[in-house]
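Student: Got a structure here, written out as structure tokens. Questions coming.
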Amino acid sequence: MKVITGVVGNDVHVVANRLIDISLNQRGFEVFNLGVNTYLEEFIDAVVETDADVVLISSLNGEAEGWSRDLPILKGKYSLKDVTFVIGGNLAVGEVASEVIVPKYKAYGFDLVFHQIDLNDGLDTLEAFLKEKN
Amino acid sequence: MDLLQREREAIVNNEYIDHFDFDEVSSFIKGASKDLFISHKFKNSSDILVQPRGGFPTYDKVFKLYDEFKNSNVDVLPLTIDSNTRLNDYASAKKMLRLSEENDVDMLNGYPLVNHGYRTTRKMITHFNTPVSLRHGTPDARLLTEIALASGIFEIEGGPITYLLPYSKNFPLDKAFIYWKYVEKVCAKYSELNEPINRESFGPLSATMQPPVIVLVIQILEMLLSLEEGVKSFSVSFSQTGSFIQDIVSSNVLKKLARKYADDFGHEDATINLVYHQWMGAFPRNKEHSESLITTSTVIAGLVGADKIITKTKEEAFGIPTKEANASAVSNVKYTLGILKGLPLVRDAEEEENLTNEVDEIMQAVFNDPADTLWRKVFNAIKKGHIEIPFSPHIINNNKVITVRDKAGNIRIYDKGDLPLSEKSFAYERSKLNIAEDKNALVSQIIQDIGIML
């Protein structure tokens with residue numbers, strides 16, 4: 001299964017990005033890592049180019065929300081119905097509860113939302129979700 | 001007029017600086033006090049020189065910081081440059097400097113040297129009459145270097161690899177090599193006038209799980225690229241790995257091989273110094289623990305026989321430290337170094353042999369590239385993944401090498417990616433590791449290994 005991953009916005013958290021890359025590879029995914037400082041449009045371009053099954057966006061500096069608002073528009077432009085959208089990391093500026101964050105991001109069009117969740121737990125959930133879906 | 005001088009004229013002809021007077025700058029450097037040259041201090045001191053980190057937007061705040069440092073008996077002053085200047089965005093730096101001056105709030109994370117200019121900055125540098133080291137992270141540091149040298153800052157940190165791959169996603173690497181060639185040439189030219197200008201490479205790289213072989217290869221290559229342009233005083237550096245013995249082995253092999261490669265390339269007359277960076281990874285939030293970590297780093301600097309140590313502060317986990325915290329760190333380190341007596345000479349023949357072999361294997365692969373110049377060989381080596389920096393954000397970085405710690409805390413190569421290591425060397429690395437086959441175990445261990453000081 002093909003996964004596009006990267007860190008959205010002007011965010012240079014390269015350590016987390018590389019760990020996600022290694023983890024996905026360990027779990028047998030074919031990984032296309034766009035790296036840090038990636039614009040939302042670039043994720044969508046990569047899906048179209050590679051025919052990926054999953055987009056896994058990460059964000060640590062709190063600017064994900066600003067970028068995610070454009071996701072419904074971009075999803076509408078292409079037919080990406082079969083693509084699973086996942087976002088994880090630190091999804092708010094300051095302390096905000098998951099109960100507030102998760103519904104917000106689901107409304108933007110993410111299938112799975114991981115706010116301050118352990119990397120392996122998140123990826124376990126993703127694998128279970130994909131198994132169910134197919 | 002020679003080509004270099006024509007390029008220099010073009011570089012200093014910049015709307016953000018006042019007229020640059022080459023003749024005046026040359027005569028300033030020619031007559032400058034020897035005390036401003038770290039190369040002179042290295043030659044005449046057997047102590048480990050202590051250099052903190054630091055820089056503020058305004059002249060006044062840097063002046064006060066230096067005052068504070070001098071009270072703590074600092075040996076080398078730092079001048080850390082703001083991130084706008086690092087990206088050659090002098091317009092934003094100018095605006096933020098004005099706001100910082102008007103509102104007494106720091107709107108920049110360092111000193112915008114280009115905007116302040118050399119005439120102003122030189123007053124401060126000559127007032128303190130202490131060597132100053134330029135700390136930045138700039139791929140195109142041509143103008144910055146001109147202004148620094150004209151200000152009396154006679155140590156320039158950085159290099160085409162070490163100031164690019166850990167800092168940038170897509171600044172072109174080939175351009176960085178060309179721009180740094182200019183920096184080396186200008187440093188070499190001024191080195192003929194007085195004491196040598198010292199160049200220093202940035203060994204910590206991305207400061208995350210860097211295997212010693214990568215650090216050493218990059219240190220030696222940046223040294224060779226600098227010496228071939230005529231630089232006569234160069235500092236190689238590395239940062240605390242998290243294992244005492246790995247630091248000692250790294251130091252012993254780096255000292256030996258840097259000298260050997262410099263001599264092999266005909267640079268017997270160049271002085272090579274060793275710089276040790278206190279822990280560059282994530283710091284504990286507990287300030288007592290931070291102080292303990294800093295003291296431990298200082299002991300290792302003594303054990304490895306560094307010529308200079310670059311310090312951290314107990315406020316590291318919380319952002320840019322206050323000048324008081326910074327000065328107290330200097331005082332702590334100076335005290336610790338002063339009481340370190342009768343340090344043992346430690347060696348580990350087996351580890352040193354393996355690291356020496358690894359470095360030689362990668363160096364040989366670099367030299368075997370058919371390109372006509374050393375910088376092109378190095379450029380190709382990075383493109384091929386013969387050299388890569390774990391956890392670099394740059395698009396040219398190969399991102400295949402995986403490192404983990406062994407039971408003793410040594411950083412080992414788990415996956416060598418495309419590094420041209422021999423089977424024997426790689427087998428040695430793997431023989432030290434015992435990783436469970438569970439798909440989650442590797443990543444969990446890496447996360448733990450990164451955060452060992454927390």
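Labels used: A, B, ... for chains in the order of the structure tokens, numbers from 1 for residues in each chain, and numbers from 1 for ligands as shown.
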For segment 339-348 of chain B, please output as a list in words all residues within 10 Å (counting only C-alpha atoms; exclusion window: fewer than 5 positions along the same chain).
Tutor: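 Selected residues are Ile245, Gln246, Ile248, Val249, Asn252, Thr298, Val299, Gly302, Leu303, Val304, Gly305, Lys334 and Glu353 of chain B.
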Student: Given the selection you just returned, output its residues as a file containing C-alpha atoms, formatted as a compact mmCIF listing (two decimals), in the first residue's frame.
Tutor:
```
# COMPACT_ATOMS: atom_id res chain seq x y z
CA ILE B 245 33.99 5.99 25.30
CA GLN B 246 32.44 6.94 21.96
CA ILE B 248 36.95 9.54 23.41
CA VAL B 249 37.23 7.24 20.40
CA ASN B 252 41.32 10.20 19.15
CA THR B 298 32.77 19.49 30.65
CA VAL B 299 34.51 16.49 32.18
CA GLY B 302 38.72 17.48 29.48
CA LEU B 303 39.10 13.75 28.86
CA VAL B 304 39.09 14.10 25.07
CA GLY B 305 41.63 16.90 25.20
CA LYS B 334 35.52 27.29 33.87
CA GLU B 353 40.65 0.73 14.53
```
Student: Within 8 Å of segment 93-98 of chain A, counting only C-alpha atoms, which residues qualify if same-chain residues fewer than 3 places away don't, as an mmCIF file with N, CA and C atoms, in the first residue's frame?
Tutor:
```cif
data_model
loop_
_atom_site.group_PDB
_atom_site.id
_atom_site.type_symbol
_atom_site.label_atom_id
_atom_site.label_comp_id
_atom_site.auth_asym_id
_atom_site.auth_seq_id
_atom_site.Cartn_x
_atom_site.Cartn_y
_atom_site.Cartn_z
ATOM 1 N N ASN A 61 4.205 22.086 15.081
ATOM 2 C CA ASN A 61 4.317 23.448 15.609
ATOM 3 C C ASN A 61 2.971 24.148 15.764
ATOM 4 N N GLY A 62 1.879 23.418 15.525
ATOM 5 C CA GLY A 62 0.576 23.989 15.824
ATOM 6 C C GLY A 62 -0.092 24.702 14.662
ATOM 7 N N GLU A 63 0.538 24.688 13.477
ATOM 8 C CA GLU A 63 -0.078 25.443 12.392
ATOM 9 C C GLU A 63 -0.944 24.588 11.457
ATOM 10 N N ASN A 90 0.901 17.364 16.999
ATOM 11 C CA ASN A 90 0.410 18.325 17.974
ATOM 12 C C ASN A 90 -0.462 19.290 17.192
ATOM 13 N N ILE A 101 -10.528 18.877 19.515
ATOM 14 C CA ILE A 101 -9.721 18.860 18.288
ATOM 15 C C ILE A 101 -10.232 17.853 17.264
ATOM 16 N N VAL A 102 -10.490 16.630 17.714
ATOM 17 C CA VAL A 102 -10.770 15.546 16.769
ATOM 18 C C VAL A 102 -11.973 15.832 15.872
ATOM 19 N N HIS A 115 -4.204 13.391 17.977
ATOM 20 C CA HIS A 115 -3.672 14.562 18.671
ATOM 21 C C HIS A 115 -2.866 14.097 19.874
#
```
Student: Leaving out Glu42 of chain A and any residue of its chain fewer than 5 positions from it, which residues lie within 10 Å of it when counting only C-alpha atoms, given as number ranges by chain?
Tutor: A: 6, 8, 34, 47-48
Student: How would the residues just chosen look if you wrote them out with C-alpha atoms as a CSV table (one decimal), in the first residue's frame?
Tutor:
```csv
chain,number,residue,atom,x,y,z
A,6,GLY,CA,5.2,14.9,5.2
A,8,VAL,CA,2.6,20.5,6.6
A,34,LEU,CA,7.7,14.7,1.0
A,47,VAL,CA,-1.5,11.4,-4.4
A,48,VAL,CA,-2.4,12.1,-8.0
```
Student: Identify, on the basis of only C-alpha atoms, every residue whose closest approach to Lys424 of chain B does not exceed 12 Å; exclude the query and any residue fewer than 2 positions from it along the same chain; express the result as a ChimeraX atom specification.
Tutor: /B:353-355,357-358,361,420-422,426-431
Student: Limited to C-alpha atoms, could you put the picked residues into a file as a PDB file, in the first residue's frame?
Tutor:
```
ATOM      1  CA  GLU B 353      40.652   0.729  14.531  1.00  0.00           C
ATOM      2  CA  ASN B 354      37.102   0.163  13.365  1.00  0.00           C
ATOM      3  CA  LEU B 355      36.273   3.870  13.233  1.00  0.00           C
ATOM      4  CA  ASN B 357      38.668   1.923   8.804  1.00  0.00           C
ATOM      5  CA  GLU B 358      35.151   3.270   8.346  1.00  0.00           C
ATOM      6  CA  GLU B 361      36.522   3.561   3.409  1.00  0.00           C
ATOM      7  CA  PRO B 420      30.364   2.559   1.167  1.00  0.00           C
ATOM      8  CA  LEU B 421      31.399   0.700   4.321  1.00  0.00           C
ATOM      9  CA  SER B 422      33.136  -2.636   4.013  1.00  0.00           C
ATOM     10  CA  PHE B 426      29.460  -2.879   9.066  1.00  0.00           C
ATOM     11  CA  ALA B 427      29.516  -6.323  10.667  1.00  0.00           C
ATOM     12  CA  TYR B 428      31.351  -4.776  13.614  1.00  0.00           C
ATOM     13  CA  GLU B 429      28.596  -2.176  14.036  1.00  0.00           C
ATOM     14  CA  ARG B 430      25.855  -4.800  13.826  1.00  0.00           C
ATOM     15  CA  SER B 431      27.662  -7.135  16.214  1.00  0.00           C
TER      16      SER B 431
END
```
Student: Compile the contact shell of Leu164 of chain B as a list in words: residues with an atom at most 9 Å away, counting only C-alpha atoms, same-chain residues fewer than 6 positions apart removed.
Tutor: Gly137, Thr138, Pro139, Gly158, Phe171, Pro172, Leu173, Ala176 and His394 of chain B
Student: List as a list in words the protein and nucleic acid residues near Tyr105 of chain A, meaning an atom at most 9 Å away when only C-alpha atoms are counted, but skip any in the same chain fewer than 4 places from it.
Tutor: Glu65, Ser68, Arg69, Ile87, Ile101, Gly109, Phe110, Asp111, Leu112 and Val113 of chain A
Student: Keeping C-alpha atoms, export the residues of the selection given above as a tab-separated table (two decimals), in the first residue's frame.
Tutor:
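Contents of the output file again20.tsv:
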```tsv
chain	number	residue	atom	x	y	z
A	65	GLU	CA	-5.37	23.90	11.51
A	68	SER	CA	-6.38	21.92	6.96
A	69	ARG	CA	-9.21	24.35	6.24
A	87	ILE	CA	-3.36	13.74	10.44
A	101	ILE	CA	-9.72	18.86	18.29
A	109	GLY	CA	-12.19	15.58	5.85
A	110	PHE	CA	-9.70	13.54	7.85
A	111	ASP	CA	-10.62	9.89	8.47
A	112	LEU	CA	-8.25	9.54	11.40
A	113	VAL	CA	-7.03	12.25	13.75
```
Student: Just list the residues in segment 423-453 of chain B DSSP gives alpha helix (DSSP H) on the backbone, as JSON, numbers by chain.
Tutor: {"B": [423, 424, 425, 426, 427, 428, 429, 430, 431, 441, 442, 443, 444, 445, 446, 447, 448, 449, 450]}
Student: Can you spit out the residues from that selection as a PDB file, in the first residue's frame, using C-alpha atoms?
Tutor:
```pdb
ATOM      1  CA  GLU B 423      31.354  -5.800   5.106  1.00  0.00           C
ATOM      2  CA  LYS B 424      33.828  -6.088   7.962  1.00  0.00           C
ATOM      3  CA  SER B 425      33.224  -2.592   9.320  1.00  0.00           C
ATOM      4  CA  PHE B 426      29.460  -2.879   9.066  1.00  0.00           C
ATOM      5  CA  ALA B 427      29.516  -6.323  10.667  1.00  0.00           C
ATOM      6  CA  TYR B 428      31.351  -4.776  13.614  1.00  0.00           C
ATOM      7  CA  GLU B 429      28.596  -2.176  14.036  1.00  0.00           C
ATOM      8  CA  ARG B 430      25.855  -4.800  13.826  1.00  0.00           C
ATOM      9  CA  SER B 431      27.662  -7.135  16.214  1.00  0.00           C
ATOM     10  CA  ALA B 441      10.646  -2.221  18.553  1.00  0.00           C
ATOM     11  CA  LEU B 442      13.127  -0.399  16.336  1.00  0.00           C
ATOM     12  CA  VAL B 443      11.262   2.897  16.283  1.00  0.00           C
ATOM     13  CA  SER B 444      10.495   2.754  20.004  1.00  0.00           C
ATOM     14  CA  GLN B 445      14.167   2.251  20.678  1.00  0.00           C
ATOM     15  CA  ILE B 446      15.207   5.136  18.415  1.00  0.00           C
ATOM     16  CA  ILE B 447      12.781   7.445  20.213  1.00  0.00           C
ATOM     17  CA  GLN B 448      14.295   6.390  23.529  1.00  0.00           C
ATOM     18  CA  ASP B 449      17.822   6.745  22.177  1.00  0.00           C
ATOM     19  CA  ILE B 450      17.177  10.304  21.006  1.00  0.00           C
TER      20      ILE B 450
END
```
Student: Under the rule of at most 12 Å, produce a per-residue listing of chain B near chain A: chain, number, name, the closest pair of atoms, and the distance in Å, as a Markdown table, using only C-alpha atoms.
Tutor:
```
| residue | atom | partner | partner_atom | distance |
| --- | --- | --- | --- | --- |
| B:Leu165 | CA | A:Val14 | CA | 11.6 |
| B:Pro166 | CA | A:Val14 | CA | 9.5 |
| B:Tyr167 | CA | A:Val12 | CA | 8.9 |
| B:Ser168 | CA | A:Val12 | CA | 8.9 |
| B:Lys169 | CA | A:Val36 | CA | 7.3 |
| B:Asn170 | CA | A:Asn37 | CA | 10.0 |
| B:Ser206 | CA | A:Val15 | CA | 9.2 |
| B:Ala207 | CA | A:Val15 | CA | 10.3 |
| B:Thr208 | CA | A:Val15 | CA | 7.9 |
| B:Met209 | CA | A:Val15 | CA | 10.2 |
| B:Gly281 | CA | A:Val15 | CA | 11.4 |
| B:Ala282 | CA | A:Val15 | CA | 11.6 |
| B:Ile389 | CA | A:Arg18 | CA | 11.8 |
| B:Pro390 | CA | A:Arg18 | CA | 8.8 |
| B:Phe391 | CA | A:Val15 | CA | 5.7 |
| B:Ser392 | CA | A:Val14 | CA | 6.8 |
| B:Pro393 | CA | A:Val14 | CA | 5.7 |
| B:His394 | CA | A:Gly35 | CA | 8.3 |
| B:Ile395 | CA | A:Gly35 | CA | 7.7 |
| B:Ile396 | CA | A:Gly35 | CA | 11.2 |
| B:Asn397 | CA | A:Gly35 | CA | 10.8 |
| B:Asn398 | CA | A:Arg18 | CA | 11.6 |
| B:Asn399 | CA | A:Arg18 | CA | 8.0 |
| B:Lys400 | CA | A:Ile22 | CA | 9.0 |
| B:Val401 | CA | A:Ile22 | CA | 10.1 |
| B:Ile402 | CA | A:Ile22 | CA | 8.5 |
| B:Thr403 | CA | A:Ile22 | CA | 11.3 |
| B:Asp415 | CA | A:Ile22 | CA | 11.0 |
| B:Glu437 | CA | A:Gln26 | CA | 10.1 |
| B:Asp438 | CA | A:Gln26 | CA | 9.2 |
| B:Lys439 | CA | A:Gln26 | CA | 5.7 |
| B:Asn440 | CA | A:Asn120 | CA | 6.6 |
| B:Ala441 | CA | A:Asn120 | CA | 9.5 |
| B:Leu442 | CA | A:Ser23 | CA | 8.3 |
| B:Val443 | CA | A:Ser23 | CA | 6.3 |
| B:Ser444 | CA | A:Asn120 | CA | 8.0 |
| B:Gln445 | CA | A:Leu19 | CA | 10.9 |
| B:Ile446 | CA | A:Leu19 | CA | 8.2 |
| B:Ile447 | CA | A:Leu19 | CA | 8.1 |
| B:Gln448 | CA | A:Leu19 | CA | 11.9 |
| B:Ile450 | CA | A:Val15 | CA | 9.3 |
| B:Gly451 | CA | A:Val15 | CA | 11.5 |
```
Student: Apply DSSP to the structure's backbone, then extract all residues of segment 242-407 of chain B labelled strand (DSSP E) and return them as a PDB file with C-alpha atoms, in the first residue's frame.
Tutor:
```
ATOM      1  CA  THR B 271      47.096  24.192  12.444  1.00  0.00           C
ATOM      2  CA  ILE B 272      44.182  21.899  13.311  1.00  0.00           C
ATOM      3  CA  ASN B 273      42.197  22.389  16.512  1.00  0.00           C
ATOM      4  CA  LEU B 274      39.553  20.255  18.171  1.00  0.00           C
ATOM      5  CA  VAL B 275      36.270  21.709  19.419  1.00  0.00           C
ATOM      6  CA  TYR B 276      33.838  19.854  21.667  1.00  0.00           C
ATOM      7  CA  HIS B 277      30.144  20.792  21.840  1.00  0.00           C
ATOM      8  CA  LYS B 308      37.778  24.602  22.939  1.00  0.00           C
ATOM      9  CA  ILE B 309      34.437  23.739  24.495  1.00  0.00           C
ATOM     10  CA  ILE B 310      31.151  25.317  23.449  1.00  0.00           C
ATOM     11  CA  ILE B 402      19.365   4.128  10.539  1.00  0.00           C
ATOM     12  CA  THR B 403      21.279   4.364  13.803  1.00  0.00           C
ATOM     13  CA  VAL B 404      20.472   3.039  17.277  1.00  0.00           C
ATOM     14  CA  ARG B 405      22.344   2.859  20.551  1.00  0.00           C
TER      15      ARG B 405
END
```
Student: Can you list, as a PyMOL selection string, every protein, DNA or RNA residue that comes within 7 Å of segment 232-244 of chain B when you count only C-alpha atoms, leaving out same-chain residues fewer than 6 positions away?
Tutor: chain B and resi 39+196-204+215+219+223+270-280+297+300+409-410
